[in-house]
>>> print(open('protein-v1.tsv').read())   # TSV, C-alpha atoms and all ligand atoms
chain	number	residue	atom	x	y	z
A	1	MET	CA	13.03	10.63	7.41
A	2	PRO	CA	10.80	7.60	6.71
A	3	ALA	CA	12.01	4.93	4.31
A	4	THR	CA	10.37	5.37	0.89
A	5	ASP	CA	9.73	2.72	-1.77
A	6	THR	CA	10.38	2.75	-5.52
A	7	ARG	CA	7.14	4.72	-6.04
A	8	GLY	CA	8.01	7.33	-3.43
A	9	ARG	CA	5.59	5.95	-0.83
A	10	PRO	CA	6.80	6.40	2.76
A	11	LEU	CA	6.47	3.65	5.36
A	12	GLY	CA	3.75	4.84	7.77
A	13	VAL	CA	1.75	1.95	9.21
A	14	LEU	CA	2.74	-1.42	10.63
A	15	ARG	CA	-0.06	-4.00	10.71
A	16	LEU	CA	0.95	-6.82	12.96
A	17	SER	CA	-1.05	-10.05	12.98
A	18	LEU	CA	-0.78	-11.57	16.46
A	19	THR	CA	-2.41	-14.91	15.75
A	20	ALA	CA	-3.64	-16.83	12.72
A	21	ARG	CA	-6.42	-18.40	14.81
A	22	CYS	CA	-9.95	-17.11	15.18
A	23	ASN	CA	-13.09	-17.90	17.14
A	24	LEU	CA	-15.16	-17.28	13.99
A	25	ALA	CA	-14.86	-18.68	10.47
A	26	CYS	CA	-16.19	-15.90	8.22
A	27	PRO	CA	-16.42	-17.58	4.77
A	28	TYR	CA	-14.72	-14.59	3.11
A	29	CYS	CA	-11.67	-15.04	5.36
A	30	LEU	CA	-11.52	-18.68	6.54
A	31	PRO	CA	-8.65	-18.65	9.02
A	32	ASP	CA	-6.67	-21.71	10.07
A	33	GLY	CA	-7.80	-23.65	13.11
A	34	GLN	CA	-4.30	-23.57	14.54
A	35	GLU	CA	-1.20	-21.43	14.72
A	36	PRO	CA	1.66	-21.85	12.27
A	37	PRO	CA	4.91	-23.09	13.81
A	38	GLY	CA	7.44	-20.47	14.91
A	39	LEU	CA	5.11	-17.79	16.33
A	40	LEU	CA	7.02	-14.67	17.33
A	41	THR	CA	7.56	-14.05	21.03
A	42	LEU	CA	6.55	-10.78	22.65
A	43	GLU	CA	10.20	-9.73	22.67
A	44	GLN	CA	10.54	-10.46	18.93
A	45	ARG	CA	7.34	-8.54	18.12
A	46	LEU	CA	8.70	-5.58	20.05
A	47	GLN	CA	11.88	-5.70	18.00
A	48	VAL	CA	9.83	-5.68	14.77
A	49	ILE	CA	7.79	-2.71	15.99
A	50	GLN	CA	10.91	-0.83	17.08
A	51	ALA	CA	12.54	-1.36	13.67
A	52	ALA	CA	9.39	-0.27	11.81
A	53	VAL	CA	9.06	2.87	13.95
A	54	ALA	CA	12.74	3.68	13.34
A	55	LEU	CA	11.97	3.45	9.60
A	56	GLY	CA	9.02	5.85	9.83
A	57	ALA	CA	5.97	3.86	10.98
A	58	HIS	CA	3.85	6.22	13.09
A	59	SER	CA	0.88	3.91	13.46
A	60	LEU	CA	0.65	0.33	14.75
A	61	ARG	CA	-2.44	-1.77	14.07
A	62	LEU	CA	-2.73	-5.05	15.96
A	63	THR	CA	-4.86	-7.64	14.23
A	64	GLY	CA	-5.15	-11.33	13.37
A	65	GLY	CA	-6.90	-13.84	13.20
A	66	GLU	CA	-8.63	-12.68	16.30
A	67	PRO	CA	-6.18	-10.63	18.37
A	68	LEU	CA	-8.22	-10.99	21.58
A	69	LEU	CA	-7.26	-14.70	21.49
A	70	HIS	CA	-3.68	-13.61	22.06
A	71	PRO	CA	-3.10	-13.56	25.85
A	72	PRO	CA	-0.08	-11.18	25.97
A	73	LEU	CA	-1.99	-8.49	24.02
A	74	ASP	CA	-2.16	-6.03	26.93
A	75	ALA	CA	1.49	-6.64	27.78
A	76	LEU	CA	2.50	-5.90	24.19
A	77	ILE	CA	0.48	-2.67	24.11
A	78	ALA	CA	2.04	-1.58	27.41
A	79	ALA	CA	5.52	-2.48	26.18
A	80	VAL	CA	5.32	-0.30	23.04
A	81	GLN	CA	4.36	2.87	24.94
A	82	PRO	CA	7.97	4.14	25.18
A	83	LEU	CA	8.05	4.21	21.36
A	84	ARG	CA	5.75	7.24	21.49
A	85	THR	CA	8.86	9.31	22.12
A	86	LYS	CA	10.43	7.80	18.96
A	87	GLY	CA	7.64	8.67	16.51
A	88	LEU	CA	4.85	6.18	17.27
A	89	ARG	CA	1.64	8.24	17.39
A	90	GLU	CA	-1.16	5.69	17.43
A	91	ILE	CA	-1.88	2.10	18.52
A	92	ALA	CA	-5.06	0.55	17.11
A	93	LEU	CA	-6.72	-2.85	17.25
A	94	THR	CA	-9.16	-4.63	14.90
A	95	SER	CA	-11.30	-7.31	16.53
A	96	ASN	CA	-14.52	-9.22	16.04
A	97	GLY	CA	-15.38	-8.16	19.60
A	98	LEU	CA	-16.71	-11.50	20.82
A	99	LEU	CA	-14.23	-11.63	23.69
A	100	LEU	CA	-14.39	-7.94	24.57
A	101	SER	CA	-15.77	-7.89	28.10
A	102	ALA	CA	-16.07	-4.64	30.04
A	103	GLU	CA	-12.99	-5.57	32.01
A	104	ARG	CA	-10.95	-6.49	28.90
A	105	ALA	CA	-11.88	-3.19	27.22
A	106	LEU	CA	-10.72	-1.28	30.27
A	107	ARG	CA	-7.46	-3.24	30.45
A	108	LEU	CA	-6.73	-2.45	26.80
A	109	ARG	CA	-7.42	1.23	27.36
A	110	GLN	CA	-5.27	1.31	30.47
A	111	ALA	CA	-2.44	-0.48	28.65
A	112	GLY	CA	-2.44	2.43	26.15
A	113	LEU	CA	-4.60	1.36	23.19
A	114	ASP	CA	-5.81	4.46	21.30
A	115	ARG	CA	-8.34	3.10	18.82
A	116	LEU	CA	-10.54	0.08	18.41
A	117	THR	CA	-12.38	-1.14	15.29
A	118	LEU	CA	-14.98	-3.84	15.79
A	119	SER	CA	-16.30	-5.96	12.92
A	120	LEU	CA	-19.96	-6.79	12.39
A	121	ASP	CA	-21.52	-7.76	9.04
A	122	GLY	CA	-25.22	-7.87	9.90
A	123	THR	CA	-27.88	-6.72	12.33
A	124	ASN	CA	-29.92	-9.90	12.59
A	125	ALA	CA	-29.12	-13.39	13.78
A	126	ALA	CA	-29.40	-15.04	10.36
A	127	SER	CA	-27.05	-12.66	8.57
A	128	VAL	CA	-24.51	-12.68	11.40
A	129	ALA	CA	-24.54	-16.49	11.34
A	130	THR	CA	-24.03	-16.56	7.55
A	131	MET	CA	-21.28	-13.95	7.49
A	132	ALA	CA	-19.41	-15.29	10.53
A	133	GLY	CA	-19.59	-18.95	9.50
A	134	LEU	CA	-21.73	-19.97	12.48
A	135	LYS	CA	-23.82	-23.09	12.32
A	136	ASP	CA	-27.26	-21.69	13.10
A	137	GLU	CA	-29.29	-18.62	13.99
A	138	ALA	CA	-29.03	-19.25	17.73
A	139	ASN	CA	-25.24	-18.88	17.43
A	140	GLY	CA	-25.71	-15.84	15.22
A	141	ALA	CA	-27.99	-14.26	17.83
A	142	ARG	CA	-25.43	-14.92	20.58
A	143	ALA	CA	-22.58	-13.43	18.51
A	144	LEU	CA	-24.66	-10.36	17.63
A	145	LYS	CA	-25.49	-9.78	21.29
A	146	GLN	CA	-21.82	-10.09	22.24
A	147	VAL	CA	-20.66	-7.59	19.61
A	148	LEU	CA	-23.37	-5.08	20.52
A	149	ALA	CA	-22.33	-5.41	24.16
A	150	ALA	CA	-18.66	-5.06	23.13
A	151	ILE	CA	-19.43	-1.72	21.47
A	152	GLU	CA	-20.82	-0.40	24.74
A	153	HIS	CA	-17.98	-1.90	26.80
A	154	ALA	CA	-15.49	-0.14	24.53
A	155	ARG	CA	-17.33	3.17	24.81
A	156	ALA	CA	-17.50	2.87	28.61
A	157	ALA	CA	-13.77	2.14	28.73
A	158	GLY	CA	-13.07	5.48	27.03
A	159	PHE	CA	-12.93	4.61	23.30
A	160	ASP	CA	-14.96	7.59	22.16
A	161	PRO	CA	-16.54	7.21	18.69
A	162	ALA	CA	-16.83	11.00	18.43
A	163	THR	CA	-13.02	11.23	18.25
A	164	GLY	CA	-12.72	8.23	15.90
A	165	ALA	CA	-11.45	5.97	18.69
A	166	LEU	CA	-14.24	3.45	18.09
A	167	LYS	CA	-15.46	2.37	14.64
A	168	LEU	CA	-17.41	-0.44	13.06
A	169	ASN	CA	-16.16	-2.51	10.07
A	170	ALA	CA	-18.53	-4.43	7.81
A	171	VAL	CA	-17.67	-6.50	4.75
A	172	ILE	CA	-20.52	-6.38	2.25
A	173	GLN	CA	-20.87	-9.26	-0.21
A	174	GLN	CA	-23.23	-9.08	-3.15
A	175	GLY	CA	-25.99	-11.65	-2.74
A	176	ARG	CA	-25.00	-12.49	0.85
A	177	ASN	CA	-25.48	-9.47	3.09
A	178	ASN	CA	-26.17	-6.54	0.76
A	179	ASP	CA	-29.60	-6.41	2.42
A	180	GLN	CA	-27.75	-5.43	5.62
A	181	LEU	CA	-26.38	-2.18	4.23
A	182	LEU	CA	-29.17	0.10	5.48
A	183	PRO	CA	-29.72	-1.77	8.77
A	184	LEU	CA	-25.98	-1.54	9.51
A	185	ALA	CA	-25.96	2.17	8.64
A	186	ALA	CA	-28.99	2.70	10.90
A	187	LEU	CA	-27.31	0.84	13.76
A	188	ALA	CA	-24.10	2.85	13.38
A	189	ARG	CA	-26.02	6.14	13.25
A	190	GLU	CA	-28.01	5.26	16.39
A	191	ARG	CA	-24.85	4.40	18.28
A	192	GLY	CA	-22.83	7.34	16.97
A	193	LEU	CA	-20.25	5.14	15.24
A	194	GLU	CA	-18.56	5.58	11.90
A	195	LEU	CA	-19.40	2.53	9.78
A	196	ARG	CA	-16.63	1.45	7.42
A	197	LEU	CA	-18.08	-0.59	4.57
A	198	ILE	CA	-15.44	-2.85	3.03
A	199	GLU	CA	-15.63	-4.23	-0.49
A	200	TYR	CA	-15.23	-7.99	-0.58
A	201	MET	CA	-11.58	-8.55	-1.52
A	202	ASP	CA	-9.64	-11.34	-3.24
A	203	VAL	CA	-7.34	-11.96	-0.31
A	204	GLY	CA	-6.43	-15.60	0.31
A	205	ASN	CA	-7.28	-18.60	-1.86
A	206	ARG	CA	-9.99	-20.21	0.18
A	207	ASN	CA	-12.96	-17.89	-0.21
A	208	GLY	CA	-13.69	-18.56	-3.89
A	209	TRP	CA	-13.67	-14.82	-4.65
A	210	VAL	CA	-15.26	-13.73	-7.93
A	211	GLN	CA	-15.68	-10.14	-9.05
A	212	SER	CA	-19.47	-10.55	-9.30
A	213	ASP	CA	-19.64	-11.06	-5.50
A	214	VAL	CA	-18.25	-7.55	-4.98
A	215	LEU	CA	-20.77	-4.85	-4.21
A	216	PRO	CA	-19.02	-1.69	-5.48
A	217	ALA	CA	-18.52	1.06	-2.92
A	218	ALA	CA	-20.24	3.56	-5.25
A	219	THR	CA	-23.40	1.40	-5.14
A	220	MET	CA	-23.20	1.21	-1.34
A	221	ILE	CA	-22.92	4.98	-1.07
A	222	HIS	CA	-25.75	5.50	-3.56
A	223	SER	CA	-28.10	3.20	-1.58
A	224	ILE	CA	-27.32	4.85	1.74
A	225	SER	CA	-27.55	8.32	0.27
A	226	GLU	CA	-31.06	7.62	-1.05
A	227	ARG	CA	-32.16	7.01	2.53
A	228	TRP	CA	-29.93	9.53	4.34
A	229	PRO	CA	-28.34	12.08	1.97
A	230	LEU	CA	-24.56	12.14	2.09
A	231	GLU	CA	-21.83	14.53	1.07
A	232	PRO	CA	-18.23	13.52	0.38
A	233	LEU	CA	-15.42	14.30	2.80
A	234	GLY	CA	-12.76	12.60	0.63
A	235	ARG	CA	-10.09	10.07	1.41
A	236	PRO	CA	-7.39	11.37	3.76
A	237	GLY	CA	-3.87	10.83	2.39
A	238	HIS	CA	-2.56	7.26	2.90
A	239	SER	CA	-5.93	6.16	4.26
A	240	THR	CA	-7.90	3.13	3.07
A	241	ALA	CA	-11.31	4.73	3.57
A	242	SER	CA	-13.23	7.43	1.68
A	243	ARG	CA	-15.47	9.24	4.14
A	244	TRP	CA	-18.94	10.72	3.70
A	245	ARG	CA	-20.91	12.96	6.05
A	246	PHE	CA	-24.63	12.51	6.71
A	247	ARG	CA	-26.25	15.78	5.70
A	248	ASP	CA	-28.60	15.61	8.71
A	249	GLY	CA	-25.52	15.96	10.94
A	250	GLN	CA	-25.75	12.43	12.32
A	251	GLY	CA	-22.15	11.40	11.84
A	252	SER	CA	-20.34	9.81	8.93
A	253	VAL	CA	-19.88	6.63	6.96
A	254	ALA	CA	-16.81	5.39	5.08
A	255	VAL	CA	-16.10	2.94	2.27
A	256	VAL	CA	-12.97	0.89	1.66
A	257	ALA	CA	-13.09	0.50	-2.10
A	258	SER	CA	-9.91	-1.43	-2.67
A	259	VAL	CA	-11.35	-3.41	-5.59
A	260	THR	CA	-13.24	-0.75	-7.55
A	261	GLN	CA	-11.22	2.37	-6.62
A	262	PRO	CA	-7.73	1.15	-5.69
A	263	PHE	CA	-5.59	3.35	-3.48
A	264	CYS	CA	-2.21	1.72	-4.13
A	265	GLY	CA	-0.82	5.13	-5.11
A	266	ASP	CA	-0.24	6.23	-1.52
A	267	CYS	CA	-0.32	2.90	0.35
A	268	ASN	CA	2.03	3.12	3.33
A	269	ARG	CA	1.34	-0.22	5.04
A	270	LEU	CA	3.83	-2.92	6.00
A	271	ARG	CA	2.34	-6.22	7.19
A	272	VAL	CA	3.99	-8.77	9.44
A	273	THR	CA	2.37	-12.15	10.09
A	274	ALA	CA	2.11	-13.89	13.45
A	275	ASP	CA	5.07	-16.06	12.47
A	276	GLY	CA	7.29	-13.18	11.41
A	277	ILE	CA	6.88	-12.98	7.63
A	278	ALA	CA	6.86	-9.43	6.26
A	279	TYR	CA	4.63	-8.54	3.28
A	280	THR	CA	4.43	-5.20	1.54
A	281	CYS	CA	1.00	-5.78	-0.04
A	282	LEU	CA	-2.29	-7.21	1.25
A	283	PHE	CA	-2.63	-9.13	-2.01
A	284	ALA	CA	0.89	-10.57	-1.97
A	285	ALA	CA	1.50	-14.08	-3.24
A	286	ALA	CA	1.80	-16.73	-0.53
A	287	GLY	CA	5.41	-17.76	0.04
A	288	HIS	CA	6.75	-14.47	-1.32
A	289	GLY	CA	7.07	-12.68	2.00
A	290	THR	CA	10.36	-11.98	3.75
A	291	ASP	CA	11.07	-14.18	6.76
A	292	LEU	CA	12.30	-11.84	9.52
A	293	ARG	CA	13.06	-14.64	12.01
A	294	PRO	CA	16.73	-15.08	11.11
A	295	TRP	CA	17.22	-11.46	12.24
A	296	LEU	CA	15.23	-11.98	15.42
A	297	GLN	CA	17.45	-14.64	16.96
A	298	PRO	CA	19.26	-14.00	20.25
A	299	GLY	CA	22.49	-12.11	19.76
A	300	ARG	CA	21.49	-10.48	16.44
A	301	GLU	CA	21.97	-6.71	16.34
A	302	PRO	CA	18.71	-4.68	16.13
A	303	LYS	CA	20.50	-2.75	13.37
A	304	ALA	CA	20.43	-5.84	11.12
A	305	LEU	CA	16.63	-6.19	11.43
A	306	LYS	CA	16.18	-2.51	10.61
A	307	GLN	CA	18.41	-2.91	7.55
A	308	VAL	CA	16.43	-5.91	6.26
A	309	ILE	CA	13.04	-4.22	6.69
A	310	GLY	CA	14.41	-0.96	5.27
A	311	ALA	CA	15.80	-2.75	2.20
A	312	LEU	CA	12.51	-4.60	1.72
A	313	TRP	CA	10.57	-1.33	1.83
A	314	ARG	CA	12.96	0.52	-0.48
A	315	ARG	CA	12.63	-2.11	-3.21
A	316	ARG	CA	8.83	-2.28	-2.86
A	317	SER	CA	6.85	-1.67	-6.05
A	318	ASP	CA	3.52	-3.42	-5.30
A	319	ARG	CA	0.32	-2.05	-6.79
A	320	TYR	CA	-1.77	-5.20	-7.04
A	321	SER	CA	-5.23	-3.62	-6.87
A	322	GLU	CA	-4.40	-1.18	-9.65
A	323	GLU	CA	-3.02	-4.07	-11.74
A	324	ARG	CA	-6.12	-6.17	-11.09
A	325	GLN	CA	-8.21	-3.36	-12.54
A	326	LEU	CA	-5.99	-3.15	-15.61
A	327	ARG	CA	-6.10	-6.93	-16.18
A	328	SER	CA	-9.68	-7.26	-14.89
A	329	THR	CA	-8.75	-10.68	-13.52
A	330	ALA	CA	-7.61	-11.78	-10.07
A	331	ARG	CA	-4.50	-13.83	-9.36
A	332	GLN	CA	-5.03	-17.10	-7.51
A	333	ASP	CA	-1.99	-17.47	-5.26
A	334	HIS	CA	-2.69	-15.04	-2.41
A	335	ALA	CA	-1.45	-15.32	1.15
A	336	GLU	CA	-4.34	-15.80	3.57
A	337	MET	CA	-6.12	-12.87	5.26
A	338	ALA	CA	-5.73	-14.12	8.85
A	339	TYR	CA	-1.95	-14.11	8.35
A	340	LEU	CA	-1.95	-10.65	6.79
A	341	GLY	CA	-4.42	-9.10	9.21
A	342	GLY	CA	-6.64	-7.17	6.81
A	401	LIG	N1	-10.74	-10.93	13.53
A	401	LIG	C1	-10.67	-9.52	13.48
A	401	LIG	C2	-11.87	-8.93	12.79
A	401	LIG	O1	-12.58	-9.67	12.11
A	401	LIG	O2	-12.07	-7.73	12.93
A	401	LIG	C3	-9.39	-8.96	12.88
A	401	LIG	C4	-8.85	-9.64	11.67
A	401	LIG	S1	-9.82	-9.50	10.20
A	401	LIG	C5	-8.80	-10.36	9.03
A	401	LIG	C6	-9.64	-7.78	9.79
A	401	LIG	C7	-10.70	-7.21	8.88
A	401	LIG	O3	-10.57	-7.80	7.60
A	401	LIG	C8	-12.14	-7.48	9.35
A	401	LIG	O4	-12.85	-6.27	9.40
A	401	LIG	C9	-12.68	-8.37	8.26
A	401	LIG	O5	-14.05	-8.19	8.07
A	401	LIG	C10	-11.86	-7.97	7.06
A	401	LIG	N2	-11.81	-9.00	6.02
A	401	LIG	C11	-11.46	-10.30	6.16
A	401	LIG	N3	-11.49	-10.95	4.96
A	401	LIG	C12	-11.91	-10.03	4.04
A	401	LIG	C13	-12.14	-10.06	2.63
A	401	LIG	N4	-11.97	-11.17	1.91
A	401	LIG	N5	-12.54	-8.92	2.03
A	401	LIG	C14	-12.70	-7.78	2.73
A	401	LIG	N6	-12.47	-7.67	4.07
A	401	LIG	C15	-12.09	-8.79	4.71
A	402	LIG	FE1	-12.03	-14.24	12.19
A	402	LIG	FE2	-11.84	-11.69	11.55
A	402	LIG	FE3	-11.37	-13.59	9.69
A	402	LIG	FE4	-13.85	-13.25	10.60
A	402	LIG	S1	-12.60	-11.75	9.44
A	402	LIG	S2	-12.79	-15.22	10.37
A	402	LIG	S3	-13.51	-12.66	12.69
A	402	LIG	S4	-10.16	-13.19	11.46
>>> encode(input="protein-v1.tsv", output="structure tokens", more="lines below")
Ligand code: SAM
Ligand code: SF4
Amino acid sequence: MPATDTRGRPLGVLRLSLTARCNLACPYCLPDGQEPPGLLTLEQRLQVIQAAVALGAHSLRLTGGEPLLHPPLDALIAAVQPLRTKGLREIALTSNGLLLSAERALRLRQAGLDRLTLSLDGTNAASVATMAGLKDEANGARALKQVLAAIEHARAAGFDPATGALKLNAVIQQGRNNDQLLPLAALARERGLELRLIEYMDVGNRNGWVQSDVLPAATMIHSISERWPLEPLGRPGHSTASRWRFRDGQGSVAVVASVTQPFCGDCNRLRVTADGIAYTCLFAAAGHGTDLRPWLQPGREPKALKQVIGALWRRRSDRYSEERQLRSTARQDHAEMAYLGG
């Protein structure tokens, strides 16, 4: 039986940030240029994953920062495979795709990665440069070319978009890249990918988030539907995304509406940072996580780590996005996105 929190929500997903570094500097995320001290070793990450799976996590999402900057990524994916007999059903990765060569995509697949989500916030050089924090259009054009190539490398390596094994994430910010909504939807339709449109969120303290920069998911769906009619498929239980089907049969699109339509009610995600701090909410206050490192030292019993994570989950009561809606203001002390992994 999975551990359940004070609101009856079972632990289901572990999101593990492998690095706080990134090769981009998206202004809505703004990661650190360097790692925090005390990064977990591969062995310690494995212990965290084992404990989470023992407490009910059936899905592992590897993220960052940019997880492809983490050299032992393939080794970690290979090392967790035996946990499939203990309840782990799915291993997924979120990446900006810049470093996803054909060979790297194949290595990830062969190591046992099930699903890959690539992030891209625009379809032209100028918007990619703006959204990724690149200094000019030439850099934006290069990044765009790399991500488009990465999509095809992933497909060729066996990540089949038709089964949901390859998806595209895009953050849409009002006044910044809302003009990219239809071009991104067109690109995803052409390439047979599900596009997941993410509302700009107040994660971290560096991005200067204000509610007026959020383009509501309902507006996104309305705009797309005017061009290509859509019908709702709903939000699968515990999922972050509400899905819509194109009526012309050309695939689907999804929205992650965590600001305007919070889904705290069935949130089943535990987050662990690259330096071993566990958080039970994406919008948690910085410094309020639980440091798992004392339980990851040589000689400590795996049982102790499981007890600490289990106790943390059982006392969990977070529902920040719902509370934000009630207060209609955002708190200002968030932990940063690159630590929490999205
Ligand atoms: N570097 C990888 C990437 O960009 O895909 C993985 C880490 S990134 C933190 C994970 C996801 O979070 C990305 O899809 C990114 O666009 C999204 N994200 C980052 N900051 C965000 C914000 N303030 N609001 C909404 N989504 C955000
Ligand atoms: Fe890097 Fe991803 Fe953050 Fe962009 S969203 S800065 S790619 S970690």
>>> residues_around(input="protein-v1.tsv", residues="Arg115 (chain A)", least_positions_apart="2", cutoff="8 Å", atoms="only C-alpha atoms", output="ChimeraX atom specification")
/A:90-93,113,117,159,164-166
>>> residues_near_ligand(input="protein-v1.tsv", ligand="ligand LIG 402 (chain A)", cutoff="10 Å", atoms="all atoms listed in the file", output="ChimeraX atom specification")
/A:17,19-32,63-67,94-98,118-121,131-133,169-171,336-342
>>> axis_aligned_box(input="protein-v1.tsv", around="region 101-113 of chain A", padding_each_side="3 Å", output="AutoDock Vina command-line options")
--center_x -9.3 --center_y -2.7 --center_z 27.6 --size_x 19.6 --size_y 16.3 --size_z 14.8
>>> closest_residue(input="protein-v1.tsv", among="A:Phe246, A:Trp228, A:Phe283, A:Tyr320", to="ligand LIG 401 (chain A)", atoms="all atoms listed in the file")
A:Phe283
>>> residues_around(input="protein-v1.tsv", residues="Trp295 (chain A)", least_positions_apart="4", cutoff="10 Å", atoms="only C-alpha atoms", output="compact mmCIF listing (two decimals) with C-alpha atoms, in the coordinates of the input")
# COMPACT_ATOMS: atom_id res chain seq x y z
CA GLN A 44 10.54 -10.46 18.93
CA GLN A 47 11.88 -5.70 18.00
CA VAL A 48 9.83 -5.68 14.77
CA ASP A 291 11.07 -14.18 6.76
CA GLY A 299 22.49 -12.11 19.76
CA ARG A 300 21.49 -10.48 16.44
CA GLU A 301 21.97 -6.71 16.34
CA PRO A 302 18.71 -4.68 16.13
CA LYS A 303 20.50 -2.75 13.37
CA ALA A 304 20.43 -5.84 11.12
CA LEU A 305 16.63 -6.19 11.43
CA LYS A 306 16.18 -2.51 10.61
CA GLN A 307 18.41 -2.91 7.55
CA VAL A 308 16.43 -5.91 6.26
>>> atom_distance(input="protein-v1.tsv", atom1="CA of Thr280 (chain A)", atom2="CA of Gly112 (chain A)")
26.7 Å
>>> atom_distance(input="protein-v1.tsv", atom1="CA of Leu230 (chain A)", atom2="CA of Gly249 (chain A)")
9.7 Å
>>> residues_around(input="protein-v1.tsv", residues="region 37-40 of chain A", least_positions_apart="6", cutoff="10 Å", atoms="all atoms listed in the file", output="PyMOL selection string")
chain A and resi 18-20+46+48+273-277+292-293+296
